[in-house]
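Colleague: Next comes run_2.csv, CSV, C-alpha atoms:
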```csv
chain,number,residue,atom,x,y,z
J,1,MET,CA,49.5,-25.1,6.4
J,2,THR,CA,47.9,-22.3,8.4
J,3,LYS,CA,46.0,-21.1,5.4
J,4,LYS,CA,44.5,-24.6,4.9
J,5,ILE,CA,43.4,-24.6,8.6
J,6,THR,CA,41.8,-21.2,8.3
J,7,ILE,CA,39.9,-22.2,5.1
J,8,SER,CA,38.8,-25.4,6.7
J,9,LEU,CA,37.5,-23.6,9.8
J,10,ALA,CA,35.6,-21.1,7.6
J,11,VAL,CA,34.0,-23.8,5.6
J,12,ILE,CA,32.9,-25.7,8.8
J,13,ALA,CA,31.5,-22.4,10.3
J,14,ALA,CA,29.6,-21.7,7.1
J,15,LEU,CA,28.2,-25.3,7.2
J,16,VAL,CA,27.1,-24.9,10.8
J,17,VAL,CA,25.3,-21.6,10.1
J,18,GLY,CA,23.7,-23.1,7.1
J,19,VAL,CA,22.4,-26.1,9.1
J,20,LEU,CA,21.1,-23.9,11.9
J,21,TYR,CA,19.3,-21.6,9.5
J,22,GLY,CA,17.9,-24.6,7.6
J,23,LYS,CA,16.5,-26.1,10.8
J,24,GLY,CA,14.9,-22.8,11.7
J,25,LEU,CA,17.2,-22.4,14.8
J,26,LEU,CA,18.7,-19.3,13.3
J,27,SER,CA,16.8,-16.5,11.6
J,28,VAL,CA,17.6,-13.5,9.5
J,29,HIS,CA,15.4,-11.7,11.9
J,30,GLN,CA,17.4,-12.9,15.0
J,31,GLY,CA,18.2,-9.3,16.0
J,32,LEU,CA,14.5,-8.5,16.1
J,33,ARG,CA,13.8,-10.6,19.2
J,34,PRO,CA,11.1,-8.9,21.2
J,35,PRO,CA,11.7,-8.0,24.9
J,36,PRO,CA,10.3,-10.1,27.7
J,37,SER,CA,7.3,-7.7,28.2
J,38,LEU,CA,6.2,-8.7,24.6
J,39,SER,CA,6.6,-12.4,25.2
J,40,VAL,CA,3.3,-12.9,23.3
J,41,LEU,CA,5.0,-11.6,20.1
J,42,VAL,CA,6.7,-14.6,18.6
J,43,LEU,CA,9.2,-14.4,15.7
J,44,GLN,CA,8.3,-16.5,12.7
J,45,LYS,CA,10.9,-19.1,11.9
J,46,ARG,CA,10.2,-18.6,8.2
J,47,PRO,CA,8.7,-15.2,7.5
J,48,GLU,CA,5.7,-15.3,5.1
J,49,SER,CA,4.2,-12.8,2.8
J,50,ALA,CA,1.4,-10.7,4.3
J,51,PRO,CA,-1.9,-11.3,2.7
J,52,SER,CA,-3.3,-9.1,0.0
J,53,GLY,CA,-6.5,-7.4,0.9
J,54,SER,CA,-7.9,-4.0,1.8
J,55,PHE,CA,-9.9,-2.5,4.6
J,56,SER,CA,-12.2,0.5,4.8
J,57,ASP,CA,-11.9,3.8,6.7
J,58,VAL,CA,-14.6,5.9,8.3
J,59,ALA,CA,-15.1,7.9,5.1
J,60,GLY,CA,-15.6,4.8,3.0
J,61,GLY,CA,-12.1,4.9,1.5
J,62,ARG,CA,-10.3,1.6,0.8
J,63,HIS,CA,-6.7,1.0,1.9
J,64,ALA,CA,-4.6,-1.9,0.6
J,65,LEU,CA,-2.2,-3.6,3.0
J,66,GLU,CA,0.4,-3.5,0.2
J,67,ALA,CA,0.3,0.3,0.3
J,68,PHE,CA,2.3,0.2,3.6
J,69,ARG,CA,5.3,-1.6,2.1
J,70,GLY,CA,8.6,0.1,2.8
J,71,ARG,CA,7.9,0.5,6.5
J,72,TYR,CA,7.3,-1.7,9.6
J,73,VAL,CA,3.6,-2.3,10.3
J,74,LEU,CA,2.0,-3.6,13.4
J,75,LEU,CA,-1.4,-4.9,12.2
J,76,ASN,CA,-3.8,-5.7,15.1
J,77,LEU,CA,-7.1,-7.5,14.4
J,78,TRP,CA,-9.8,-6.7,17.0
J,79,ALA,CA,-13.6,-6.3,17.5
J,80,THR,CA,-15.8,-4.3,19.8
J,81,TRP,CA,-17.3,-7.4,21.4
J,82,CYS,CA,-13.8,-8.8,22.3
J,83,GLY,CA,-12.9,-7.8,25.9
J,84,PRO,CA,-9.1,-8.4,25.6
J,85,CYS,CA,-9.1,-6.5,22.3
J,86,VAL,CA,-10.8,-3.5,23.8
J,87,ASN,CA,-8.4,-3.5,26.8
J,88,GLU,CA,-5.3,-3.3,24.6
J,89,LEU,CA,-6.6,-0.5,22.3
J,90,PRO,CA,-5.3,2.4,24.5
J,91,SER,CA,-1.8,0.8,24.5
J,92,LEU,CA,-1.8,0.5,20.7
J,93,ALA,CA,-2.7,4.2,20.5
J,94,ARG,CA,0.1,5.1,22.9
J,95,LEU,CA,2.6,2.9,20.9
J,96,ALA,CA,1.5,4.7,17.7
J,97,LYS,CA,2.2,8.1,19.3
J,98,PHE,CA,5.6,7.2,20.8
J,99,ALA,CA,7.0,4.9,18.0
J,100,PRO,CA,6.6,7.2,14.9
J,101,GLY,CA,8.6,4.9,12.6
J,102,LEU,CA,6.0,2.1,13.1
J,103,LYS,CA,2.7,2.2,11.4
J,104,VAL,CA,0.1,0.8,13.8
J,105,LEU,CA,-3.1,-0.5,12.1
J,106,ALA,CA,-5.8,-1.5,14.5
J,107,VAL,CA,-8.3,-3.2,12.1
J,108,ASP,CA,-11.8,-4.0,13.4
J,109,TRP,CA,-13.4,-7.2,12.1
J,110,HIS,CA,-16.6,-6.8,10.2
J,111,GLU,CA,-18.4,-3.8,11.9
J,112,LYS,CA,-19.6,-0.5,10.6
J,113,PRO,CA,-16.8,2.2,10.4
J,114,PRO,CA,-18.9,5.0,12.0
J,115,ALA,CA,-19.7,2.8,15.0
J,116,VAL,CA,-16.1,1.7,15.2
J,117,ASN,CA,-14.9,5.3,15.1
J,118,ALA,CA,-17.2,6.3,18.0
J,119,PHE,CA,-16.1,3.2,19.9
J,120,LEU,CA,-12.4,4.1,19.5
J,121,LYS,CA,-13.0,7.6,20.8
J,122,SER,CA,-14.9,6.4,23.8
J,123,HIS,CA,-12.1,3.9,24.7
J,124,ASP,CA,-9.1,6.2,24.8
J,125,ALA,CA,-8.0,5.1,21.3
J,126,GLY,CA,-9.4,7.9,19.2
J,127,SER,CA,-6.0,8.7,17.8
J,128,LEU,CA,-5.9,5.4,16.0
J,129,PRO,CA,-7.3,5.5,12.4
J,130,THR,CA,-10.7,3.9,12.1
J,131,LEU,CA,-10.1,0.8,9.9
J,132,VAL,CA,-12.5,-2.1,9.3
J,133,ASP,CA,-11.9,-5.5,7.6
J,134,ASP,CA,-15.5,-5.5,6.2
J,135,SER,CA,-15.0,-8.4,3.8
J,136,GLY,CA,-13.0,-10.5,6.3
J,137,ALA,CA,-10.2,-10.9,3.7
J,138,ILE,CA,-7.4,-9.8,6.0
J,139,MET,CA,-8.6,-12.0,8.8
J,140,ARG,CA,-8.9,-15.0,6.4
J,141,GLY,CA,-5.6,-14.3,4.8
J,142,LEU,CA,-3.9,-14.3,8.2
J,143,GLY,CA,-5.6,-17.5,9.2
J,144,ALA,CA,-6.9,-15.7,12.3
J,145,SER,CA,-9.3,-17.9,14.4
J,146,ALA,CA,-9.3,-15.8,17.5
J,147,LEU,CA,-9.0,-12.2,18.5
J,148,PRO,CA,-7.0,-10.2,19.3
J,149,MET,CA,-4.3,-11.2,16.8
J,150,THR,CA,-1.4,-9.0,15.9
J,151,VAL,CA,1.3,-9.4,13.2
J,152,LEU,CA,4.5,-7.5,12.7
J,153,ILE,CA,5.2,-6.9,9.0
J,154,ASP,CA,8.6,-5.9,7.8
J,155,PRO,CA,9.3,-3.3,5.1
J,156,LYS,CA,9.4,-6.0,2.5
J,157,GLY,CA,5.8,-7.1,3.3
J,158,LYS,CA,6.8,-10.3,5.2
J,159,ILE,CA,5.2,-11.3,8.5
J,160,ILE,CA,8.1,-11.7,10.9
J,161,ALA,CA,6.2,-12.1,14.2
J,162,ARG,CA,2.7,-13.0,15.5
J,163,ALA,CA,0.9,-12.4,18.7
J,164,LEU,CA,-2.1,-14.4,19.6
J,165,GLY,CA,-3.9,-12.7,22.5
J,166,PRO,CA,-3.5,-9.3,24.1
J,167,ALA,CA,-0.2,-7.5,25.0
J,168,ASP,CA,0.9,-4.3,26.7
J,169,TRP,CA,2.1,-2.6,23.5
J,170,SER,CA,2.8,0.7,25.4
J,171,SER,CA,5.3,-0.4,28.0
J,172,GLN,CA,8.6,1.6,27.8
J,173,GLU,CA,10.4,-1.6,26.9
J,174,ALA,CA,7.9,-2.2,24.0
J,175,ILE,CA,8.2,1.4,22.7
J,176,ASP,CA,12.0,1.2,22.9
J,177,TYR,CA,11.9,-2.1,21.0
J,178,PHE,CA,9.8,-0.8,18.1
J,179,ASN,CA,11.8,2.4,17.9
J,180,ARG,CA,15.0,0.4,17.7
J,181,ILE,CA,13.8,-1.9,14.9
J,182,THR,CA,12.3,0.9,12.9
J,183,ALA,CA,15.4,3.2,13.2
J,184,GLY,CA,17.4,1.7,10.5
```
Output the file's structure as structure tokens, nothing else.

Modeller:
Amino acid sequence: MTKKITISLAVIAALVVGVLYGKGLLSVHQGLRPPPSLSVLVLQKRPESAPSGSFSDVAGGRHALEAFRGRYVLLNLWATWCGPCVNELPSLARLAKFAPGLKVLAVDWHEKPPAVNAFLKSHDAGSLPTLVDDSGAIMRGLGASALPMTVLIDPKGKIIARALGPADWSSQEAIDYFNRITAG
């Protein structure tokens, strides 16, 4: 009799978890919940594939977003004319320095790489690689309608979180969060 009760409870528990997951109330990325200081970074209920596309560097080289699979990527879309974007660039540079397991890609929208390179250097973000979405493919693929926009991509190439608007990416709480999720 006890065995039947145990099996019945296990079946009920599995059904409850299945319903919660199906309704989007439970996620496989539940343990990735950002800290309060990153409240702008919202987990996706249903992770989606990151768009295909590439961007240019200052030397004219092309880099496909798919080339970064296998690691966590924080992809930030920004522009030199966007005040909130410019304000968060130093915190992205600091995050890249102190969260080595995370690949931080600050991708400028539609400007010339040499100008972007000089701009990054003059705004305390010269340690970030100079990357430009010159075709707009990444921006369109992400459905970005405003800047800054940031997405967190998991090692499988799925967008697991989005941030619309600026954030303090370099708070100690944020650095600890990204180090924790990329550790294992």

Colleague: Looking at all atoms listed in the file, which of J:Val151, J:Leu74, J:Ala59, J:Ala99 is the one that sits closest to Pro114 in chain J?

Modeller: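 Nearest candidate to Pro114 in chain J out of J:Val151, J:Leu74, J:Ala59, J:Ala99: J:Ala59.
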
Colleague: Excluding same-chain residues fewer than 6 positions from Glu111 in chain J, what lies within 9 Å of it counting all atoms listed in the file, as a ChimeraX atom specification?

Modeller: /J:79-80,132-134

Colleague: Those residues you just picked out, can you put them in a file as a PDB file, in the coordinates of the input with C-alpha atoms?

Modeller:
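Final file, out.pdb:
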```pdb
ATOM      1  CA  ALA J  79     -13.600  -6.300  17.500  1.00  0.00           C
ATOM      2  CA  THR J  80     -15.800  -4.300  19.800  1.00  0.00           C
ATOM      3  CA  VAL J 132     -12.500  -2.100   9.300  1.00  0.00           C
ATOM      4  CA  ASP J 133     -11.900  -5.500   7.600  1.00  0.00           C
ATOM      5  CA  ASP J 134     -15.500  -5.500   6.200  1.00  0.00           C
TER       6      ASP J 134
END
```

Colleague: Could you state the separation of CA of Pro155 in chain J and CA of Leu102 in chain J in Å, given to one decimal place?

Modeller: 10.2 Å

Colleague: Tell me which of J:Glu88, J:Asp168, J:Glu48, J:Asp176 sits closest to Leu152 in chain J, counting all atoms listed in the file.

Modeller: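 Among J:Glu88, J:Asp168, J:Glu48, J:Asp176, it is J:Glu48 that comes nearest to Leu152 in chain J.
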
Colleague: Could you name the residues that touch Pro148 in chain J at 7 Å or less, counting only C-alpha atoms, but leaving out those on the same chain fewer than 3 positions away, as a PDB file with C-alpha atoms, in the frame of the given file?

Modeller:
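In the end it all went to selection-v6.pdb:
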```
ATOM      1  CA  ASN J  76      -3.800  -5.700  15.100  1.00  0.00           C
ATOM      2  CA  LEU J  77      -7.100  -7.500  14.400  1.00  0.00           C
ATOM      3  CA  TRP J  78      -9.800  -6.700  17.000  1.00  0.00           C
ATOM      4  CA  PRO J  84      -9.100  -8.400  25.600  1.00  0.00           C
ATOM      5  CA  CYS J  85      -9.100  -6.500  22.300  1.00  0.00           C
ATOM      6  CA  LEU J 164      -2.100 -14.400  19.600  1.00  0.00           C
ATOM      7  CA  GLY J 165      -3.900 -12.700  22.500  1.00  0.00           C
ATOM      8  CA  PRO J 166      -3.500  -9.300  24.100  1.00  0.00           C
TER       9      PRO J 166
END
```

Colleague: Quote the spacing between CA of Ile160 in chain J and CA of Leu43 in chain J in Å to one decimal place.

Modeller: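 For CA of Ile160 in chain J relative to CA of Leu43 in chain J, the distance reads 5.6 Å.
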
Colleague: Which is closest to Ala50 in chain J among J:Gly184, J:Pro35, J:Gly83, J:Gly157, if we use all atoms listed in the file?

Modeller: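 Of J:Gly184, J:Pro35, J:Gly83, J:Gly157, the one nearest Ala50 in chain J, counting all atoms listed in the file, is J:Gly157.
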
Colleague: May I ask for the distance between CA of Thr182 in chain J and CA of Phe119 in chain J, given in Å to one decimal place?

Modeller: 29.3 Å

Colleague: Give the answer as one residue: which of J:Gly141, J:Ala183, J:Arg46, J:Thr130 has the shortest atom-to-atom distance to Ala115 in chain J, using only C-alpha atoms?

Modeller: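 Answer, going by the shortest atom-to-atom distance: J:Thr130.
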
Colleague: Using all atoms listed in the file, which of J:Ser122, J:Ser39, J:Asn117, J:Thr150 sits nearest Leu105 in chain J?

Modeller: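 Answer, going by the shortest atom-to-atom distance: J:Thr150.
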
Colleague: Find, counting only C-alpha atoms, the residue in J:Ile153, J:Leu142, J:Leu41, J:Ala125 that gets nearest to Leu89 in chain J.

Modeller: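 Of J:Ile153, J:Leu142, J:Leu41, J:Ala125, the one nearest Leu89 in chain J is J:Ala125, counting only C-alpha atoms.
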